[in-house]
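Asks: Before anything else, here's the structure in question.
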Amino acid sequence: MLAIAGGSSSSFDLARMPTITSQLSCNGLLRFRQNRAEGVHYLAEGEAWFGIPEFDILSRNITIPGFSPLFPDAHCTNDGTVCQVTTGEAEINAALTMSALIHSSVFDLTSTYFLIAGVAGVNPKLATIGSVTFARFAVQVALQYEFDAREKPADSPTGYIPLDSKAPWEYPGTLYGTEVYEVNEALRELAVSFALKAELADSSASKARRSHYAVTSTYAAGAAPPSVVKCDTATSDNFWSGNLLGEAFENTTSLFTNGTGIYCTSQQEDNAVLGALLRGALWGAVDFSRIIVMRSASDFDRPPPGQSAAENLFSESPGYPVSLQNTYRAGVRVVEGILDAWEDTFEAGIPPPNRIGDVFDSLSKRKQPRECIRIEPQAVFDWY
């Protein structure tokens, strides 16, 4: 099954599915659509996959308990080869929807490939609006101490300081476990090779917007046409804008990944999706080595020289329509690449050459699940 997160694709064995409530065997790719703004305004991110010539994602619509009230259905092709799920915006929505999917009795996700896809802000040092990026690392950059910048320590370049530390360049003294997720580098390389076959869209408005970044060589990538880029993604519920925050989170990405990660896109869901998938993998419900993190750039995370952070945030970005087109154009090449080579390459899985999972290395330390028993507590307490 191929699943698209934010929108997802999957392959199901329909012979085992006399009704939509029975178990589905997913042997393809599942893609999840993740929307970056509130409500239905960003339904276009999912609708980019509707009415396309390659497959009909709306052939089957399956309501899943626990999905967002705004996006209650999984959408699938008639044979279940490709499915799409909309997580909803921001970390809590994404985590809840993904947990509901993983624990649903409708899908067997044990051999599913997950394509996490959606639009994102972009660092003009690495890429431009309309570019399609593929990440090895997703970093929860705002999981830190925070000062209002007007009250930050005088010797600190930012108001963000890692937990249980005293300076922004110190590695966190305390880890929660969701700070960094690392996915399969070999699978990323294959996904990039498929995406490079796509002809990316562009527009005159996007060209005009990115021309403002051509005044400095630092932003040469931001001034260039859209391309396929390998770089990493930053997750935060905060939708930020500006040079200071952009540079702060560049440093956070590098620090949290021991100098390996390179921040280029900003979004609100990926660590939440990956966190849910990792916990599912610990129980054998999904294979964490079958995840691709793809983001198409809709707007710049910081302004060009001569413009304010507020102007950058509040002005309409011409990159959004182009990013929607390129999410589909590059993403569908990835979907087709996996399905076309299913038996020869992807069914057995792609062995990761790198360590995958979370900062605790939970996947290598996992134990066999203990016996589950039914408990009916008389009272429930929350500890923090």
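Here's how to read the names in the structure tokens: chain A, B, ... by the order shown, residue numbers from 1 in each chain, ligand numbers from 1 in the order shown.
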Can you pull out the residues contacting segment 174-190 of chain A? Cut-off 10 Å, using only C-alpha atoms, and skip same-chain residues under 3 positions away; I want them as number ranges by chain.

Replies: A: 134-144, 162-165, 171, 193-195, 230, 232, 234-235, 253, 256-257, 261, 270-272, 274-275, 278, 288-294, 334, 337-338, 346, 349-362

Asks: What's the 12 Å shell around Asn93 of chain A, counting only C-alpha atoms, without same-chain residues fewer than 2 positions away, as a ChimeraX atom specification?

Replies: /A:6,34-36,38-39,66-72,86-91,95-100,237,268-273,276

Asks: What's the separation between atom CA of Ser104 of chain A and atom CA of Val85 of chain A, in Å to one decimal place?

Replies: 12.9 Å

Asks: Measuring between only C-alpha atoms, which one of A:Pro305, A:Gly130, A:Pro168, A:Pro318 shows the shortest distance to His212 of chain A?

Replies: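 For His212 of chain A, the nearest of the candidates is A:Pro305.
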
Asks: What residues in segment 66-99 of chain A get the DSSP label strand (DSSP E or B)? Please answer as a list in words.

Replies: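 So the strand (DSSP E or B) residues in segment 66-99 of chain A would be Asp73, Ala74, His75, Cys76, Val82, Cys83, Gln84, Val85 and Thr86 of chain A.
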
Asks: Give me the residues near segment 196-206 of chain A as a PyMOL selection string, where near means some atom within 8 Å (using only C-alpha atoms) and where sequence neighbours in that chain fewer than 3 positions away do not count.

Replies: chain A and resi 129-131+192-193+209-210+225-228+318-319+322+325-326+329-330+333

Asks: Since we have the selection now, will you write its residues out, keeping N, CA, C and O atoms, as a PDB file, in the first residue's frame?

Replies:
```
ATOM      1  N   ILE A 129      10.653  29.129  -3.749  1.00  0.00           N
ATOM      2  CA  ILE A 129       9.241  28.759  -3.818  1.00  0.00           C
ATOM      3  C   ILE A 129       8.989  27.910  -5.064  1.00  0.00           C
ATOM      4  O   ILE A 129       9.506  28.175  -6.138  1.00  0.00           O
ATOM      5  N   GLY A 130       8.194  26.871  -4.878  1.00  0.00           N
ATOM      6  CA  GLY A 130       7.941  25.913  -5.949  1.00  0.00           C
ATOM      7  C   GLY A 130       8.866  24.716  -5.922  1.00  0.00           C
ATOM      8  O   GLY A 130       8.584  23.695  -6.561  1.00  0.00           O
ATOM      9  N   SER A 131       9.971  24.798  -5.189  1.00  0.00           N
ATOM     10  CA  SER A 131      10.885  23.657  -5.086  1.00  0.00           C
ATOM     11  C   SER A 131      10.239  22.527  -4.292  1.00  0.00           C
ATOM     12  O   SER A 131       9.369  22.750  -3.442  1.00  0.00           O
ATOM     13  N   VAL A 192      13.906  10.794  -4.531  1.00  0.00           N
ATOM     14  CA  VAL A 192      14.454  11.939  -5.263  1.00  0.00           C
ATOM     15  C   VAL A 192      14.657  11.580  -6.734  1.00  0.00           C
ATOM     16  O   VAL A 192      14.353  12.379  -7.632  1.00  0.00           O
ATOM     17  N   SER A 193      15.150  10.384  -6.995  1.00  0.00           N
ATOM     18  CA  SER A 193      15.362   9.972  -8.396  1.00  0.00           C
ATOM     19  C   SER A 193      14.052   9.925  -9.166  1.00  0.00           C
ATOM     20  O   SER A 193      14.009  10.257 -10.355  1.00  0.00           O
ATOM     21  N   ARG A 209       8.716  37.395  -7.549  1.00  0.00           N
ATOM     22  CA  ARG A 209       8.940  37.363  -6.105  1.00  0.00           C
ATOM     23  C   ARG A 209      10.367  36.938  -5.780  1.00  0.00           C
ATOM     24  O   ARG A 209      11.057  37.565  -4.967  1.00  0.00           O
ATOM     25  N   ARG A 210      10.843  35.874  -6.402  1.00  0.00           N
ATOM     26  CA  ARG A 210      12.168  35.378  -6.051  1.00  0.00           C
ATOM     27  C   ARG A 210      13.295  36.262  -6.592  1.00  0.00           C
ATOM     28  O   ARG A 210      14.432  36.185  -6.119  1.00  0.00           O
ATOM     29  N   PRO A 225      15.263  29.019 -10.239  1.00  0.00           N
ATOM     30  CA  PRO A 225      13.986  28.354 -10.528  1.00  0.00           C
ATOM     31  C   PRO A 225      13.742  27.181  -9.581  1.00  0.00           C
ATOM     32  O   PRO A 225      14.663  26.689  -8.919  1.00  0.00           O
ATOM     33  N   PRO A 226      12.493  26.696  -9.505  1.00  0.00           N
ATOM     34  CA  PRO A 226      12.183  25.540  -8.647  1.00  0.00           C
ATOM     35  C   PRO A 226      12.995  24.310  -9.041  1.00  0.00           C
ATOM     36  O   PRO A 226      13.284  24.088 -10.223  1.00  0.00           O
ATOM     37  N   SER A 227      13.340  23.513  -8.047  1.00  0.00           N
ATOM     38  CA  SER A 227      14.122  22.309  -8.275  1.00  0.00           C
ATOM     39  C   SER A 227      13.796  21.286  -7.200  1.00  0.00           C
ATOM     40  O   SER A 227      13.048  21.558  -6.253  1.00  0.00           O
ATOM     41  N   VAL A 228      14.342  20.107  -7.335  1.00  0.00           N
ATOM     42  CA  VAL A 228      14.223  19.049  -6.327  1.00  0.00           C
ATOM     43  C   VAL A 228      15.462  19.109  -5.443  1.00  0.00           C
ATOM     44  O   VAL A 228      16.596  19.090  -5.949  1.00  0.00           O
ATOM     45  N   PRO A 318       3.005  34.294  -4.023  1.00  0.00           N
ATOM     46  CA  PRO A 318       2.643  33.701  -5.317  1.00  0.00           C
ATOM     47  C   PRO A 318       3.122  32.266  -5.461  1.00  0.00           C
ATOM     48  O   PRO A 318       2.776  31.587  -6.427  1.00  0.00           O
ATOM     49  N   GLY A 319       3.906  31.802  -4.495  1.00  0.00           N
ATOM     50  CA  GLY A 319       4.418  30.439  -4.587  1.00  0.00           C
ATOM     51  C   GLY A 319       3.417  29.374  -4.205  1.00  0.00           C
ATOM     52  O   GLY A 319       3.613  28.193  -4.509  1.00  0.00           O
ATOM     53  N   VAL A 322       1.839  27.377  -7.170  1.00  0.00           N
ATOM     54  CA  VAL A 322       2.893  26.584  -7.802  1.00  0.00           C
ATOM     55  C   VAL A 322       3.269  25.396  -6.915  1.00  0.00           C
ATOM     56  O   VAL A 322       3.495  24.283  -7.405  1.00  0.00           O
ATOM     57  N   GLN A 325       0.825  22.563  -7.367  1.00  0.00           N
ATOM     58  CA  GLN A 325       1.064  21.820  -8.607  1.00  0.00           C
ATOM     59  C   GLN A 325       2.260  20.885  -8.456  1.00  0.00           C
ATOM     60  O   GLN A 325       2.217  19.735  -8.909  1.00  0.00           O
ATOM     61  N   ASN A 326       3.327  21.373  -7.811  1.00  0.00           N
ATOM     62  CA  ASN A 326       4.541  20.578  -7.736  1.00  0.00           C
ATOM     63  C   ASN A 326       4.470  19.484  -6.673  1.00  0.00           C
ATOM     64  O   ASN A 326       5.173  18.483  -6.779  1.00  0.00           O
ATOM     65  N   ARG A 329       2.959  17.027  -9.010  1.00  0.00           N
ATOM     66  CA  ARG A 329       3.836  16.622 -10.125  1.00  0.00           C
ATOM     67  C   ARG A 329       4.998  15.753  -9.654  1.00  0.00           C
ATOM     68  O   ARG A 329       5.325  14.744 -10.294  1.00  0.00           O
ATOM     69  N   ALA A 330       5.638  16.152  -8.571  1.00  0.00           N
ATOM     70  CA  ALA A 330       6.745  15.344  -8.051  1.00  0.00           C
ATOM     71  C   ALA A 330       6.227  14.133  -7.284  1.00  0.00           C
ATOM     72  O   ALA A 330       6.761  13.026  -7.414  1.00  0.00           O
ATOM     73  N   ARG A 333       5.141  11.092  -9.328  1.00  0.00           N
ATOM     74  CA  ARG A 333       6.269  10.327  -9.866  1.00  0.00           C
ATOM     75  C   ARG A 333       6.806   9.360  -8.798  1.00  0.00           C
ATOM     76  O   ARG A 333       7.229   8.245  -9.123  1.00  0.00           O
TER      77      ARG A 333
END
```

Asks: Can you work out which one of A:Phe249, A:Phe55, A:Tyr263, A:Phe239 has the shortest atom-to-atom distance to Phe314 of chain A, counting only C-alpha atoms?

Replies: A:Phe239

Asks: Between atom CA of Ala310 of chain A and atom CA of Glu45 of chain A, measure the distance and give it in Å to one decimal.

Replies: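 The value is 24.7 Å.
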
Asks: Write out as JSON, numbers by chain all residues of segment 153-278 of chain A that DSSP puts in helix (DSSP H, G or I) for this structure's backbone.

Replies: {"A": [185, 186, 187, 188, 189, 190, 191, 192, 193, 194, 195, 204, 205, 206, 207, 208, 209, 210, 211, 212, 213, 214, 215, 217, 218, 219, 220, 221, 222, 223, 243, 244, 245, 246, 247, 248, 249, 250, 251, 252, 253, 254, 255, 256, 270, 271, 272, 273, 274, 275, 276, 277, 278]}

Asks: Suppose we keep N, CA and C atoms; can you now write the selection as a short mmCIF file (atom, residue, chain, number, x, y, z; two decimals), in the first residue's frame?

Replies:
```cif
data_model
loop_
_atom_site.label_atom_id
_atom_site.label_comp_id
_atom_site.auth_asym_id
_atom_site.auth_seq_id
_atom_site.Cartn_x
_atom_site.Cartn_y
_atom_site.Cartn_z
N GLU A 185 17.60 6.89 4.49
CA GLU A 185 18.33 7.66 3.49
C GLU A 185 18.30 6.99 2.12
N ALA A 186 18.36 5.68 2.07
CA ALA A 186 18.33 4.97 0.78
C ALA A 186 16.98 5.15 0.09
N LEU A 187 15.91 5.12 0.87
CA LEU A 187 14.59 5.35 0.30
C LEU A 187 14.45 6.79 -0.17
N ARG A 188 15.02 7.74 0.59
CA ARG A 188 14.99 9.13 0.15
C ARG A 188 15.68 9.29 -1.21
N GLU A 189 16.80 8.65 -1.38
CA GLU A 189 17.52 8.75 -2.66
C GLU A 189 16.66 8.23 -3.82
N LEU A 190 15.97 7.12 -3.59
CA LEU A 190 15.10 6.59 -4.63
C LEU A 190 13.94 7.55 -4.92
N ALA A 191 13.36 8.13 -3.86
CA ALA A 191 12.26 9.08 -4.05
C ALA A 191 12.72 10.30 -4.83
N VAL A 192 13.91 10.79 -4.53
CA VAL A 192 14.45 11.94 -5.26
C VAL A 192 14.66 11.58 -6.73
N SER A 193 15.15 10.38 -7.00
CA SER A 193 15.36 9.97 -8.40
C SER A 193 14.05 9.92 -9.17
N PHE A 194 12.97 9.54 -8.51
CA PHE A 194 11.66 9.55 -9.17
C PHE A 194 11.17 10.99 -9.38
N ALA A 195 11.32 11.83 -8.35
CA ALA A 195 10.83 13.21 -8.43
C ALA A 195 11.57 14.01 -9.50
N SER A 204 5.05 33.47 -13.58
CA SER A 204 5.68 34.78 -13.69
C SER A 204 5.66 35.50 -12.36
N ALA A 205 4.60 35.32 -11.57
CA ALA A 205 4.53 35.95 -10.25
C ALA A 205 5.59 35.39 -9.31
N SER A 206 5.82 34.09 -9.38
CA SER A 206 6.87 33.49 -8.55
C SER A 206 8.24 33.99 -8.97
N LYS A 207 8.47 34.09 -10.28
CA LYS A 207 9.75 34.61 -10.77
C LYS A 207 9.98 36.02 -10.25
N ALA A 208 8.94 36.84 -10.28
CA ALA A 208 9.07 38.22 -9.80
C ALA A 208 9.38 38.25 -8.30
N ARG A 209 8.72 37.40 -7.55
CA ARG A 209 8.94 37.36 -6.11
C ARG A 209 10.37 36.94 -5.78
N ARG A 210 10.84 35.87 -6.40
CA ARG A 210 12.17 35.38 -6.05
C ARG A 210 13.30 36.26 -6.59
N SER A 211 12.99 37.13 -7.56
CA SER A 211 14.03 38.03 -8.10
C SER A 211 14.56 38.97 -7.02
N HIS A 212 13.75 39.25 -5.99
CA HIS A 212 14.20 40.13 -4.91
C HIS A 212 15.33 39.50 -4.09
N TYR A 213 15.48 38.19 -4.19
CA TYR A 213 16.54 37.51 -3.44
C TYR A 213 17.84 37.44 -4.23
N ALA A 214 17.83 37.91 -5.47
CA ALA A 214 19.02 37.84 -6.32
C ALA A 214 20.06 38.89 -5.98
N VAL A 215 19.74 39.81 -5.08
CA VAL A 215 20.66 40.91 -4.77
C VAL A 215 21.83 40.46 -3.91
N SER A 217 24.40 36.91 -2.94
CA SER A 217 24.76 35.53 -3.29
C SER A 217 24.32 34.55 -2.20
N THR A 218 24.10 35.04 -0.97
CA THR A 218 23.63 34.17 0.11
C THR A 218 22.32 33.50 -0.26
N TYR A 219 21.49 34.22 -1.02
CA TYR A 219 20.18 33.71 -1.39
C TYR A 219 20.11 33.29 -2.86
N ALA A 220 21.23 32.83 -3.39
CA ALA A 220 21.25 32.41 -4.80
C ALA A 220 20.24 31.32 -5.08
N ALA A 221 20.10 30.37 -4.15
CA ALA A 221 19.13 29.29 -4.34
C ALA A 221 17.71 29.82 -4.32
N GLY A 222 17.45 30.85 -3.49
CA GLY A 222 16.12 31.44 -3.44
C GLY A 222 15.74 32.18 -4.70
N ALA A 223 16.74 32.67 -5.43
CA ALA A 223 16.49 33.40 -6.67
C ALA A 223 16.42 32.49 -7.88
N ASN A 243 14.54 36.84 9.60
CA ASN A 243 15.92 36.37 9.58
C ASN A 243 16.37 35.80 10.92
N LEU A 244 16.00 36.46 12.02
CA LEU A 244 16.49 36.02 13.32
C LEU A 244 15.97 34.64 13.70
N LEU A 245 14.67 34.42 13.52
CA LEU A 245 14.12 33.10 13.82
C LEU A 245 14.61 32.07 12.81
N GLY A 246 14.70 32.45 11.54
CA GLY A 246 15.21 31.52 10.53
C GLY A 246 16.61 31.04 10.86
N GLU A 247 17.49 31.97 11.23
CA GLU A 247 18.85 31.60 11.58
C GLU A 247 18.89 30.81 12.89
N ALA A 248 18.03 31.17 13.84
CA ALA A 248 17.99 30.42 15.10
C ALA A 248 17.63 28.97 14.86
N PHE A 249 16.66 28.72 13.99
CA PHE A 249 16.22 27.35 13.76
C PHE A 249 17.14 26.60 12.81
N GLU A 250 17.90 27.32 11.98
CA GLU A 250 19.00 26.67 11.26
C GLU A 250 19.97 26.06 12.26
N ASN A 251 20.32 26.86 13.27
CA ASN A 251 21.27 26.40 14.28
C ASN A 251 20.68 25.27 15.12
N THR A 252 19.40 25.37 15.46
CA THR A 252 18.76 24.31 16.23
C THR A 252 18.79 22.99 15.46
N THR A 253 18.47 23.04 14.17
CA THR A 253 18.49 21.83 13.34
C THR A 253 19.87 21.20 13.33
N SER A 254 20.88 22.01 13.15
CA SER A 254 22.25 21.49 13.16
C SER A 254 22.62 20.93 14.53
N LEU A 255 22.30 21.66 15.59
CA LEU A 255 22.63 21.24 16.95
C LEU A 255 21.96 19.93 17.31
N PHE A 256 20.66 19.83 17.07
CA PHE A 256 19.91 18.64 17.48
C PHE A 256 20.29 17.40 16.67
N ASP A 270 5.15 17.40 10.72
CA ASP A 270 5.92 16.21 10.40
C ASP A 270 6.42 15.43 11.61
N ASN A 271 6.90 16.11 12.65
CA ASN A 271 7.35 15.36 13.83
C ASN A 271 6.19 14.63 14.50
N ALA A 272 5.00 15.21 14.44
CA ALA A 272 3.83 14.56 15.02
C ALA A 272 3.47 13.30 14.24
N VAL A 273 3.47 13.40 12.92
CA VAL A 273 3.20 12.23 12.08
C VAL A 273 4.25 11.15 12.32
N LEU A 274 5.51 11.55 12.32
CA LEU A 274 6.59 10.58 12.51
C LEU A 274 6.57 9.98 13.91
N GLY A 275 6.19 10.78 14.90
CA GLY A 275 6.09 10.25 16.26
C GLY A 275 5.04 9.17 16.36
N ALA A 276 3.88 9.40 15.74
CA ALA A 276 2.83 8.38 15.75
C ALA A 276 3.27 7.13 15.00
N LEU A 277 3.94 7.33 13.86
CA LEU A 277 4.40 6.18 13.08
C LEU A 277 5.46 5.39 13.84
N LEU A 278 6.34 6.08 14.57
CA LEU A 278 7.35 5.37 15.33
C LEU A 278 6.72 4.51 16.41
#
```

Asks: Nearest to Pro172 of chain A among A:Arg150, A:Tyr160, A:Arg60, A:Glu316, with distances taken over only C-alpha atoms: which residue is it?

Replies: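 Of all the options, A:Tyr160 lies closest to Pro172 of chain A.
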
Asks: Counting only C-alpha atoms, which residue out of A:Asp79, A:Asp299, A:Asp340, A:Glu170 sits closest to Thr128 of chain A?

Replies: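 Of A:Asp79, A:Asp299, A:Asp340, A:Glu170, the one nearest Thr128 of chain A, counting only C-alpha atoms, is A:Asp299.
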